[in-house]
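Enquirer: Let me begin by handing over the structure; questions about it come next.
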Amino acid sequence: MTRSRSRTYGSRGRPPWLLLLPALLGVVFLVLPLAGLLLRAPWPTMAARLAEPQVLQALRLSLVTATLATLACLLLGVPLAWLLARVSFPGRRLLRALITVPLVLPPVVGGVALLLVLGRRGLAGRWLDETLGVSLPFTTAGVVVAEAFVAMPFLVISVEGALRAADTRLEEAAATLGASRLTVFRRVTLPLVAPGVLAGAVLCWARALGEFGATITFAGNFPGRTQTMPLAVYLALETEPEAAVVLSLVLLAVSVVILACLRDRWTGTP
């Protein structure tokens, strides 16, 4: 009885003030800046500012590049997650660590690394320029590359976790019935991990949409070509703060919607 009461008190009883006070301060610290955006937003002119050509241009470019980056991450990241989850090979832990480095790497450093590899004088960029006439830096394609570089780990981690949690007996049953590995992957594995793939794709898209450091370093900040929403916020903050607030609210709204859609993936509760 005592143990049951203790558990009930620990989970549902009155929290100790030594924990409650810093918790409330943490809430204020995280929520107050967001509330500041809402309070300082120019609501009467919001619609007119959102309809400005430069805002629509940046928003359109952000949506297109984030979507293309997510498609590239799906094409490359799902097979990579399957490799990490289902195949044992020497150096797998090192490979997983290298793949997740962009999660903690400063985005500007990622942009510099992309320049050194894919720039016109880079390790692979020189060959692309001289052989195929392709130059990625400071182009819209460069924006997609930068966004995919920083966003792909979110997809890989999510899909790998779903693959590890999936029941492999269904795959084994399909294999014993004569299905090839590709058929098993396409007809059994992918449907099993579809929720994880969807969650990873949404997170990947959101990360790509909000990318700033690698984009401005590798692709620059050219209106209509490489200026995405975060870059437009940075530029507007120097010349027109109210426009920066409006653009920030758009990105905030997108983030809130995505987190609301994925709340079950984060908390496990409705």
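FYI, nothing fancy with the structure tokens labels: chains A, B, ... in order, residues from 1 per chain, ligands from 1 as they appear.
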Please report, as JSON lines, each residue of range 186-229 of chain A lying at most 10 Å from range 251-264 of chain A, together with the nearest pair of atoms and the separation in Å rounded to one decimal; use only C-alpha atoms, and order rows by chain and ascending residue number.
Expert:
```
{"residue": "A:Leu198", "atom": "CA", "partner": "A:Leu262", "partner_atom": "CA", "distance": 9.8}
{"residue": "A:Ala199", "atom": "CA", "partner": "A:Leu262", "partner_atom": "CA", "distance": 6.9}
{"residue": "A:Gly200", "atom": "CA", "partner": "A:Leu262", "partner_atom": "CA", "distance": 9.9}
{"residue": "A:Val202", "atom": "CA", "partner": "A:Ile258", "partner_atom": "CA", "distance": 7.3}
{"residue": "A:Leu203", "atom": "CA", "partner": "A:Ile258", "partner_atom": "CA", "distance": 7.8}
{"residue": "A:Trp205", "atom": "CA", "partner": "A:Ile258", "partner_atom": "CA", "distance": 9.7}
{"residue": "A:Ala206", "atom": "CA", "partner": "A:Ser255", "partner_atom": "CA", "distance": 7.0}
{"residue": "A:Arg207", "atom": "CA", "partner": "A:Ser255", "partner_atom": "CA", "distance": 9.4}
{"residue": "A:Leu209", "atom": "CA", "partner": "A:Leu251", "partner_atom": "CA", "distance": 8.3}
{"residue": "A:Gly210", "atom": "CA", "partner": "A:Leu251", "partner_atom": "CA", "distance": 7.4}
{"residue": "A:Met229", "atom": "CA", "partner": "A:Leu251", "partner_atom": "CA", "distance": 7.8}
```
Enquirer: List as number ranges by chain the protein and nucleic acid residues near range 31-48 of chain A, meaning an atom at most 8 Å away when only C-alpha atoms are counted, but skip any in the same chain fewer than 4 places from it.
Expert: A: 27, 52, 242, 245-246, 248-249
Enquirer: With N, CA, C and O atoms retained, export the selected residues as a PDB file, in the first residue's frame.
Expert:
```pdb
ATOM      1  N   VAL A  27       9.619  27.144 -18.799  1.00  0.00           N
ATOM      2  CA  VAL A  27       8.486  27.418 -19.690  1.00  0.00           C
ATOM      3  C   VAL A  27       8.493  28.873 -20.134  1.00  0.00           C
ATOM      4  O   VAL A  27       8.315  29.198 -21.324  1.00  0.00           O
ATOM      5  N   GLU A  52       3.273  40.663 -50.538  1.00  0.00           N
ATOM      6  CA  GLU A  52       4.348  41.367 -51.230  1.00  0.00           C
ATOM      7  C   GLU A  52       5.138  40.408 -52.109  1.00  0.00           C
ATOM      8  O   GLU A  52       5.357  39.254 -51.728  1.00  0.00           O
ATOM      9  N   GLU A 242       9.488  44.911 -39.234  1.00  0.00           N
ATOM     10  CA  GLU A 242       8.120  44.388 -39.230  1.00  0.00           C
ATOM     11  C   GLU A 242       7.963  43.266 -40.258  1.00  0.00           C
ATOM     12  O   GLU A 242       7.272  42.280 -40.009  1.00  0.00           O
ATOM     13  N   VAL A 245       9.314  40.143 -38.786  1.00  0.00           N
ATOM     14  CA  VAL A 245       8.372  39.533 -37.840  1.00  0.00           C
ATOM     15  C   VAL A 245       7.319  38.722 -38.588  1.00  0.00           C
ATOM     16  O   VAL A 245       6.971  37.601 -38.190  1.00  0.00           O
ATOM     17  N   VAL A 246       6.814  39.250 -39.678  1.00  0.00           N
ATOM     18  CA  VAL A 246       5.801  38.551 -40.472  1.00  0.00           C
ATOM     19  C   VAL A 246       6.359  37.240 -41.023  1.00  0.00           C
ATOM     20  O   VAL A 246       5.724  36.180 -40.922  1.00  0.00           O
ATOM     21  N   SER A 248       8.862  35.565 -39.859  1.00  0.00           N
ATOM     22  CA  SER A 248       9.121  34.671 -38.726  1.00  0.00           C
ATOM     23  C   SER A 248       7.847  33.979 -38.270  1.00  0.00           C
ATOM     24  O   SER A 248       7.863  32.801 -37.894  1.00  0.00           O
ATOM     25  N   LEU A 249       6.730  34.706 -38.301  1.00  0.00           N
ATOM     26  CA  LEU A 249       5.458  34.104 -37.905  1.00  0.00           C
ATOM     27  C   LEU A 249       5.050  32.987 -38.854  1.00  0.00           C
ATOM     28  O   LEU A 249       4.466  31.986 -38.430  1.00  0.00           O
TER      29      LEU A 249
END
```
Enquirer: Which distance in Å separates CA of Thr228 in chain A and CA of Arg60 in chain A, to one decimal?
Expert: 8.3 Å
Enquirer: Choose the residue, out of A:Val188, A:Val250, A:Ala85, A:Ala151, that has the smallest atom-to-atom separation from Ala174 in chain A; count only C-alpha atoms.
Expert: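 Result for the nearest residue to Ala174 in chain A: A:Val188.
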Enquirer: From the list A:Phe138, A:Phe29, A:Trp127, A:Phe185, which residue is nearest Gly111 in chain A when using only C-alpha atoms?
Expert: A:Phe138
Enquirer: Find the residue from A:Val150, A:Ala81, A:Val117, A:Leu132 that sits nearest to Arg164 in chain A; use only C-alpha atoms when measuring.
Expert: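 Between A:Val150, A:Ala81, A:Val117, A:Leu132, the residue approaching Arg164 in chain A most closely is A:Ala81.
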Enquirer: Could you name the residues that touch Leu170 in chain A at 10 Å or less, counting only C-alpha atoms, but leaving out those on the same chain fewer than 5 positions away, as number ranges by chain?
Expert: A: 175-176, 184, 188-189, 192
Enquirer: As a PyMOL selection string, please: the residues near range 112-114 of chain A (cut-off 10 Å, only C-alpha atoms, same-chain neighbours under 6 positions excluded).
Expert: chain A and resi 122-125+136-137+142+145-146+149+213-215+217-219
Enquirer: Output N, CA and C atoms for every residue in that selection, as an mmCIF file, in the first residue's frame.
Expert:
```cif
data_model
loop_
_atom_site.group_PDB
_atom_site.id
_atom_site.type_symbol
_atom_site.label_atom_id
_atom_site.label_comp_id
_atom_site.auth_asym_id
_atom_site.auth_seq_id
_atom_site.Cartn_x
_atom_site.Cartn_y
_atom_site.Cartn_z
ATOM 1 N N GLY A 122 36.452 22.658 -55.848
ATOM 2 C CA GLY A 122 36.382 21.627 -54.832
ATOM 3 C C GLY A 122 36.808 20.264 -55.344
ATOM 4 N N LEU A 123 36.808 19.301 -54.439
ATOM 5 C CA LEU A 123 37.265 17.949 -54.764
ATOM 6 C C LEU A 123 36.429 17.326 -55.871
ATOM 7 N N ALA A 124 35.106 17.464 -55.783
ATOM 8 C CA ALA A 124 34.226 16.935 -56.823
ATOM 9 C C ALA A 124 33.663 18.046 -57.711
ATOM 10 N N GLY A 125 33.611 19.255 -57.194
ATOM 11 C CA GLY A 125 33.047 20.352 -57.961
ATOM 12 C C GLY A 125 33.861 20.708 -59.192
ATOM 13 N N LEU A 136 27.290 24.074 -58.744
ATOM 14 C CA LEU A 136 26.238 24.078 -57.738
ATOM 15 C C LEU A 136 26.227 25.297 -56.817
ATOM 16 N N PRO A 137 27.376 25.820 -56.411
ATOM 17 C CA PRO A 137 27.338 26.952 -55.481
ATOM 18 C C PRO A 137 26.596 28.155 -56.060
ATOM 19 N N GLY A 142 22.049 24.437 -55.515
ATOM 20 C CA GLY A 142 22.903 24.481 -54.337
ATOM 21 C C GLY A 142 22.102 24.598 -53.056
ATOM 22 N N VAL A 145 20.911 21.130 -52.259
ATOM 23 C CA VAL A 145 22.009 20.313 -51.739
ATOM 24 C C VAL A 145 22.293 20.669 -50.281
ATOM 25 N N ALA A 146 22.362 21.957 -49.963
ATOM 26 C CA ALA A 146 22.640 22.382 -48.593
ATOM 27 C C ALA A 146 21.532 21.922 -47.640
ATOM 28 N N PHE A 149 21.715 18.155 -47.059
ATOM 29 C CA PHE A 149 22.860 17.769 -46.230
ATOM 30 C C PHE A 149 22.527 17.872 -44.750
ATOM 31 N N GLY A 213 22.273 28.554 -42.141
ATOM 32 C CA GLY A 213 23.718 28.688 -42.183
ATOM 33 C C GLY A 213 24.374 28.057 -43.392
ATOM 34 N N ALA A 214 24.063 26.785 -43.645
ATOM 35 C CA ALA A 214 24.675 26.101 -44.788
ATOM 36 C C ALA A 214 24.202 26.705 -46.102
ATOM 37 N N THR A 215 22.955 27.164 -46.129
ATOM 38 C CA THR A 215 22.415 27.741 -47.359
ATOM 39 C C THR A 215 23.111 29.042 -47.723
ATOM 40 N N THR A 217 25.979 30.094 -46.787
ATOM 41 C CA THR A 217 27.406 29.894 -47.031
ATOM 42 C C THR A 217 27.654 29.240 -48.382
ATOM 43 N N PHE A 218 26.844 28.252 -48.727
ATOM 44 C CA PHE A 218 27.085 27.489 -49.954
ATOM 45 C C PHE A 218 26.344 28.071 -51.158
ATOM 46 N N ALA A 219 25.145 28.622 -50.923
ATOM 47 C CA ALA A 219 24.323 29.090 -52.037
ATOM 48 C C ALA A 219 24.156 30.596 -52.089
#
```
Enquirer: Find the residue from A:Val101, A:Glu147, A:Arg92, A:Val233 that sits nearest to Thr65 in chain A; use only C-alpha atoms when measuring.
Expert: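 Ranked by minimum distance to Thr65 in chain A, first place goes to A:Glu147.
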Enquirer: With DSSP run on the backbone, what are the helix (DSSP H, G or I) residues within range 17-244 of chain A? I'd like them as a PDB file with C-alpha atoms, in the first residue's frame.
Expert:
```pdb
ATOM      1  CA  TRP A  17       8.403  23.510  -5.313  1.00  0.00           C
ATOM      2  CA  LEU A  18      12.120  22.970  -5.832  1.00  0.00           C
ATOM      3  CA  LEU A  19      11.236  21.295  -9.133  1.00  0.00           C
ATOM      4  CA  LEU A  20       8.178  23.365  -9.962  1.00  0.00           C
ATOM      5  CA  LEU A  21       9.912  26.737  -9.836  1.00  0.00           C
ATOM      6  CA  PRO A  22      12.719  25.973 -12.327  1.00  0.00           C
ATOM      7  CA  ALA A  23      10.218  24.161 -14.522  1.00  0.00           C
ATOM      8  CA  LEU A  24       8.036  27.264 -14.694  1.00  0.00           C
ATOM      9  CA  LEU A  25      11.094  29.408 -15.413  1.00  0.00           C
ATOM     10  CA  GLY A  26      11.966  27.030 -18.229  1.00  0.00           C
ATOM     11  CA  VAL A  27       8.486  27.418 -19.690  1.00  0.00           C
ATOM     12  CA  VAL A  28       8.752  31.209 -19.519  1.00  0.00           C
ATOM     13  CA  PHE A  29      12.211  31.139 -21.093  1.00  0.00           C
ATOM     14  CA  LEU A  30      10.986  29.068 -24.055  1.00  0.00           C
ATOM     15  CA  VAL A  31       7.519  30.550 -24.551  1.00  0.00           C
ATOM     16  CA  LEU A  32       8.155  34.247 -23.902  1.00  0.00           C
ATOM     17  CA  PRO A  33      10.154  34.890 -27.128  1.00  0.00           C
ATOM     18  CA  LEU A  34       7.410  33.215 -29.152  1.00  0.00           C
ATOM     19  CA  ALA A  35       4.808  35.312 -27.379  1.00  0.00           C
ATOM     20  CA  GLY A  36       6.895  38.365 -28.211  1.00  0.00           C
ATOM     21  CA  LEU A  37       6.556  37.552 -31.910  1.00  0.00           C
ATOM     22  CA  LEU A  38       2.797  37.365 -31.580  1.00  0.00           C
ATOM     23  CA  LEU A  39       2.525  40.560 -29.555  1.00  0.00           C
ATOM     24  CA  ARG A  40       4.773  42.625 -31.822  1.00  0.00           C
ATOM     25  CA  TRP A  43      -1.586  42.241 -37.511  1.00  0.00           C
ATOM     26  CA  PRO A  44      -3.473  45.033 -39.372  1.00  0.00           C
ATOM     27  CA  THR A  45      -1.000  44.896 -42.276  1.00  0.00           C
ATOM     28  CA  MET A  46      -0.262  41.171 -42.091  1.00  0.00           C
ATOM     29  CA  ALA A  47      -2.191  40.191 -45.227  1.00  0.00           C
ATOM     30  CA  ALA A  48      -0.687  42.992 -47.288  1.00  0.00           C
ATOM     31  CA  ARG A  49       2.852  42.122 -46.215  1.00  0.00           C
ATOM     32  CA  LEU A  50       2.360  38.440 -46.955  1.00  0.00           C
ATOM     33  CA  PRO A  53       6.247  39.949 -54.239  1.00  0.00           C
ATOM     34  CA  GLN A  54       9.513  39.388 -52.373  1.00  0.00           C
ATOM     35  CA  VAL A  55       7.731  37.525 -49.577  1.00  0.00           C
ATOM     36  CA  LEU A  56       5.829  35.283 -51.988  1.00  0.00           C
ATOM     37  CA  GLN A  57       9.019  34.718 -53.938  1.00  0.00           C
ATOM     38  CA  ALA A  58      10.948  33.632 -50.843  1.00  0.00           C
ATOM     39  CA  LEU A  59       8.064  31.474 -49.643  1.00  0.00           C
ATOM     40  CA  ARG A  60       7.688  29.776 -53.031  1.00  0.00           C
ATOM     41  CA  LEU A  61      11.409  29.105 -53.274  1.00  0.00           C
ATOM     42  CA  SER A  62      11.496  27.721 -49.734  1.00  0.00           C
ATOM     43  CA  LEU A  63       8.611  25.335 -50.377  1.00  0.00           C
ATOM     44  CA  VAL A  64      10.093  24.112 -53.663  1.00  0.00           C
ATOM     45  CA  THR A  65      13.633  23.604 -52.396  1.00  0.00           C
ATOM     46  CA  ALA A  66      12.538  21.993 -49.109  1.00  0.00           C
ATOM     47  CA  THR A  67      10.313  19.568 -51.016  1.00  0.00           C
ATOM     48  CA  LEU A  68      13.063  18.686 -53.505  1.00  0.00           C
ATOM     49  CA  ALA A  69      15.547  18.235 -50.665  1.00  0.00           C
ATOM     50  CA  THR A  70      13.112  15.928 -48.862  1.00  0.00           C
ATOM     51  CA  LEU A  71      12.609  13.831 -52.006  1.00  0.00           C
ATOM     52  CA  ALA A  72      16.387  13.522 -52.368  1.00  0.00           C
ATOM     53  CA  CYS A  73      16.661  12.509 -48.712  1.00  0.00           C
ATOM     54  CA  LEU A  74      13.955   9.867 -49.177  1.00  0.00           C
ATOM     55  CA  LEU A  75      15.718   8.475 -52.234  1.00  0.00           C
ATOM     56  CA  LEU A  76      19.054   8.205 -50.459  1.00  0.00           C
ATOM     57  CA  GLY A  77      18.130   8.070 -46.785  1.00  0.00           C
ATOM     58  CA  VAL A  78      15.642   5.178 -46.717  1.00  0.00           C
ATOM     59  CA  PRO A  79      18.101   2.665 -48.267  1.00  0.00           C
ATOM     60  CA  LEU A  80      20.817   4.038 -45.965  1.00  0.00           C
ATOM     61  CA  ALA A  81      18.606   3.547 -42.905  1.00  0.00           C
ATOM     62  CA  TRP A  82      17.835  -0.014 -44.057  1.00  0.00           C
ATOM     63  CA  LEU A  83      21.563  -0.692 -44.402  1.00  0.00           C
ATOM     64  CA  LEU A  84      22.248   0.529 -40.873  1.00  0.00           C
ATOM     65  CA  ALA A  85      19.318  -1.350 -39.362  1.00  0.00           C
ATOM     66  CA  ARG A  86      19.468  -4.687 -41.151  1.00  0.00           C
ATOM     67  CA  ARG A  92      28.710   0.326 -38.889  1.00  0.00           C
ATOM     68  CA  ARG A  93      28.875   2.355 -35.680  1.00  0.00           C
ATOM     69  CA  LEU A  94      31.417   4.717 -37.211  1.00  0.00           C
ATOM     70  CA  LEU A  95      29.237   5.127 -40.296  1.00  0.00           C
ATOM     71  CA  ARG A  96      26.198   5.899 -38.153  1.00  0.00           C
ATOM     72  CA  ALA A  97      28.209   8.492 -36.226  1.00  0.00           C
ATOM     73  CA  LEU A  98      29.386  10.140 -39.436  1.00  0.00           C
ATOM     74  CA  ILE A  99      25.837  10.244 -40.814  1.00  0.00           C
ATOM     75  CA  THR A 100      24.524  11.963 -37.689  1.00  0.00           C
ATOM     76  CA  VAL A 101      27.339  14.552 -37.560  1.00  0.00           C
ATOM     77  CA  PRO A 102      25.218  17.201 -39.378  1.00  0.00           C
ATOM     78  CA  LEU A 103      22.823  17.110 -36.416  1.00  0.00           C
ATOM     79  CA  VAL A 104      25.442  18.712 -34.168  1.00  0.00           C
ATOM     80  CA  PRO A 107      25.410  24.736 -40.279  1.00  0.00           C
ATOM     81  CA  VAL A 108      27.973  27.315 -41.408  1.00  0.00           C
ATOM     82  CA  VAL A 109      30.676  24.663 -41.089  1.00  0.00           C
ATOM     83  CA  GLY A 110      28.528  22.375 -43.199  1.00  0.00           C
ATOM     84  CA  GLY A 111      28.316  25.092 -45.844  1.00  0.00           C
ATOM     85  CA  VAL A 112      32.092  25.505 -45.838  1.00  0.00           C
ATOM     86  CA  ALA A 113      32.516  21.742 -46.182  1.00  0.00           C
ATOM     87  CA  LEU A 114      30.120  21.709 -49.135  1.00  0.00           C
ATOM     88  CA  LEU A 115      32.086  24.504 -50.774  1.00  0.00           C
ATOM     89  CA  LEU A 116      35.348  22.588 -50.373  1.00  0.00           C
ATOM     90  CA  VAL A 117      33.838  19.500 -51.981  1.00  0.00           C
ATOM     91  CA  LEU A 118      31.299  20.844 -54.487  1.00  0.00           C
ATOM     92  CA  GLY A 125      33.047  20.352 -57.961  1.00  0.00           C
ATOM     93  CA  ARG A 126      36.026  20.883 -60.274  1.00  0.00           C
ATOM     94  CA  TRP A 127      35.193  17.645 -62.103  1.00  0.00           C
ATOM     95  CA  LEU A 128      31.498  18.558 -62.319  1.00  0.00           C
ATOM     96  CA  ASP A 129      32.347  21.966 -63.741  1.00  0.00           C
ATOM     97  CA  GLU A 130      34.981  20.824 -66.251  1.00  0.00           C
ATOM     98  CA  THR A 131      33.261  17.618 -67.387  1.00  0.00           C
ATOM     99  CA  LEU A 132      29.552  18.312 -67.157  1.00  0.00           C
ATOM    100  CA  THR A 140      18.912  27.024 -56.572  1.00  0.00           C
ATOM    101  CA  ALA A 141      20.284  23.491 -56.900  1.00  0.00           C
ATOM    102  CA  GLY A 142      22.903  24.481 -54.337  1.00  0.00           C
ATOM    103  CA  VAL A 143      20.106  25.416 -51.928  1.00  0.00           C
ATOM    104  CA  VAL A 144      18.619  21.938 -52.352  1.00  0.00           C
ATOM    105  CA  VAL A 145      22.009  20.313 -51.739  1.00  0.00           C
ATOM    106  CA  ALA A 146      22.640  22.382 -48.593  1.00  0.00           C
ATOM    107  CA  GLU A 147      19.173  21.650 -47.198  1.00  0.00           C
ATOM    108  CA  ALA A 148      19.455  17.938 -47.941  1.00  0.00           C
ATOM    109  CA  PHE A 149      22.860  17.769 -46.230  1.00  0.00           C
ATOM    110  CA  VAL A 150      21.573  19.140 -42.927  1.00  0.00           C
ATOM    111  CA  ALA A 151      18.152  17.448 -43.040  1.00  0.00           C
ATOM    112  CA  MET A 152      18.923  13.874 -44.094  1.00  0.00           C
ATOM    113  CA  PRO A 153      20.048  12.665 -40.622  1.00  0.00           C
ATOM    114  CA  PHE A 154      16.543  13.342 -39.270  1.00  0.00           C
ATOM    115  CA  LEU A 155      15.085  10.997 -41.860  1.00  0.00           C
ATOM    116  CA  VAL A 156      17.742   8.320 -41.431  1.00  0.00           C
ATOM    117  CA  ILE A 157      17.376   8.208 -37.645  1.00  0.00           C
ATOM    118  CA  SER A 158      13.583   8.034 -37.805  1.00  0.00           C
ATOM    119  CA  VAL A 159      13.484   5.300 -40.458  1.00  0.00           C
ATOM    120  CA  GLU A 160      16.247   3.275 -38.813  1.00  0.00           C
ATOM    121  CA  GLY A 161      14.343   3.321 -35.521  1.00  0.00           C
ATOM    122  CA  ALA A 162      11.171   2.176 -37.284  1.00  0.00           C
ATOM    123  CA  LEU A 163      13.056  -0.626 -39.032  1.00  0.00           C
ATOM    124  CA  ARG A 164      14.564  -1.867 -35.772  1.00  0.00           C
ATOM    125  CA  ALA A 165      11.121  -1.882 -34.124  1.00  0.00           C
ATOM    126  CA  ARG A 169       8.945 -12.392 -39.104  1.00  0.00           C
ATOM    127  CA  LEU A 170       6.716 -10.992 -41.838  1.00  0.00           C
ATOM    128  CA  GLU A 171       9.747 -10.322 -44.003  1.00  0.00           C
ATOM    129  CA  GLU A 172      11.088 -13.811 -43.316  1.00  0.00           C
ATOM    130  CA  ALA A 173       7.720 -15.339 -44.235  1.00  0.00           C
ATOM    131  CA  ALA A 174       7.662 -13.451 -47.520  1.00  0.00           C
ATOM    132  CA  ALA A 175      11.205 -14.594 -48.283  1.00  0.00           C
ATOM    133  CA  THR A 176      10.329 -18.248 -47.638  1.00  0.00           C
ATOM    134  CA  ARG A 181      14.841  -9.115 -51.430  1.00  0.00           C
ATOM    135  CA  LEU A 182      13.680  -6.149 -53.468  1.00  0.00           C
ATOM    136  CA  THR A 183      10.095  -7.425 -53.459  1.00  0.00           C
ATOM    137  CA  VAL A 184      10.218  -8.008 -49.701  1.00  0.00           C
ATOM    138  CA  PHE A 185      11.541  -4.498 -49.183  1.00  0.00           C
ATOM    139  CA  ARG A 186       8.938  -2.922 -51.473  1.00  0.00           C
ATOM    140  CA  ARG A 187       5.867  -4.972 -50.544  1.00  0.00           C
ATOM    141  CA  VAL A 188       6.508  -5.816 -46.865  1.00  0.00           C
ATOM    142  CA  THR A 189       9.201  -3.667 -45.265  1.00  0.00           C
ATOM    143  CA  LEU A 190       8.117  -0.266 -46.550  1.00  0.00           C
ATOM    144  CA  PRO A 191       4.449  -0.689 -45.534  1.00  0.00           C
ATOM    145  CA  LEU A 192       5.591  -1.814 -42.075  1.00  0.00           C
ATOM    146  CA  ALA A 194       5.548   3.730 -43.405  1.00  0.00           C
ATOM    147  CA  PRO A 195       4.655   5.760 -40.262  1.00  0.00           C
ATOM    148  CA  GLY A 196       8.345   6.133 -39.423  1.00  0.00           C
ATOM    149  CA  VAL A 197       9.166   7.125 -42.991  1.00  0.00           C
ATOM    150  CA  LEU A 198       6.361   9.708 -42.976  1.00  0.00           C
ATOM    151  CA  ALA A 199       7.453  11.158 -39.633  1.00  0.00           C
ATOM    152  CA  GLY A 200      11.061  11.301 -40.783  1.00  0.00           C
ATOM    153  CA  ALA A 201      10.078  12.948 -44.064  1.00  0.00           C
ATOM    154  CA  VAL A 202       8.046  15.620 -42.270  1.00  0.00           C
ATOM    155  CA  LEU A 203      10.905  16.366 -39.872  1.00  0.00           C
ATOM    156  CA  CYS A 204      13.318  16.405 -42.784  1.00  0.00           C
ATOM    157  CA  TRP A 205      11.098  18.852 -44.691  1.00  0.00           C
ATOM    158  CA  ALA A 206      10.749  21.130 -41.672  1.00  0.00           C
ATOM    159  CA  ARG A 207      14.501  21.148 -41.085  1.00  0.00           C
ATOM    160  CA  ALA A 208      15.140  21.924 -44.739  1.00  0.00           C
ATOM    161  CA  LEU A 209      12.568  24.723 -44.680  1.00  0.00           C
ATOM    162  CA  GLY A 213      23.718  28.688 -42.183  1.00  0.00           C
ATOM    163  CA  ALA A 214      24.675  26.101 -44.788  1.00  0.00           C
ATOM    164  CA  THR A 215      22.415  27.741 -47.359  1.00  0.00           C
ATOM    165  CA  ILE A 216      23.841  31.251 -47.078  1.00  0.00           C
ATOM    166  CA  THR A 217      27.406  29.894 -47.031  1.00  0.00           C
ATOM    167  CA  PHE A 218      27.085  27.489 -49.954  1.00  0.00           C
ATOM    168  CA  MET A 229      12.463  32.347 -46.005  1.00  0.00           C
ATOM    169  CA  PRO A 230      15.121  32.247 -43.239  1.00  0.00           C
ATOM    170  CA  LEU A 231      17.473  34.287 -45.412  1.00  0.00           C
ATOM    171  CA  ALA A 232      14.678  36.742 -46.165  1.00  0.00           C
ATOM    172  CA  VAL A 233      14.080  37.109 -42.408  1.00  0.00           C
ATOM    173  CA  TYR A 234      17.758  37.895 -41.884  1.00  0.00           C
ATOM    174  CA  LEU A 235      17.784  40.494 -44.650  1.00  0.00           C
ATOM    175  CA  ALA A 236      14.487  42.090 -43.599  1.00  0.00           C
ATOM    176  CA  LEU A 237      15.651  42.376 -39.988  1.00  0.00           C
ATOM    177  CA  GLU A 238      18.293  44.871 -41.074  1.00  0.00           C
ATOM    178  CA  THR A 239      16.017  47.043 -43.224  1.00  0.00           C
ATOM    179  CA  PRO A 241      11.897  44.705 -38.851  1.00  0.00           C
ATOM    180  CA  GLU A 242       8.120  44.388 -39.230  1.00  0.00           C
ATOM    181  CA  ALA A 243       8.557  42.324 -42.398  1.00  0.00           C
ATOM    182  CA  ALA A 244      11.014  40.110 -40.510  1.00  0.00           C
TER     183      ALA A 244
END
```
Enquirer: Using Å and a single decimal, report how far CA of Thr168 in chain A sits from CA of Val87 in chain A.
Expert: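 Between CA of Val87 in chain A and CA of Thr168 in chain A the gap works out to 13.1 Å.
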Enquirer: State, in Å with one decimal place, the distance from CA of Glu240 in chain A to CA of Thr226 in chain A.
Expert: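 Answer for the CA of Glu240 in chain A to CA of Thr226 in chain A separation: 19.8 Å.
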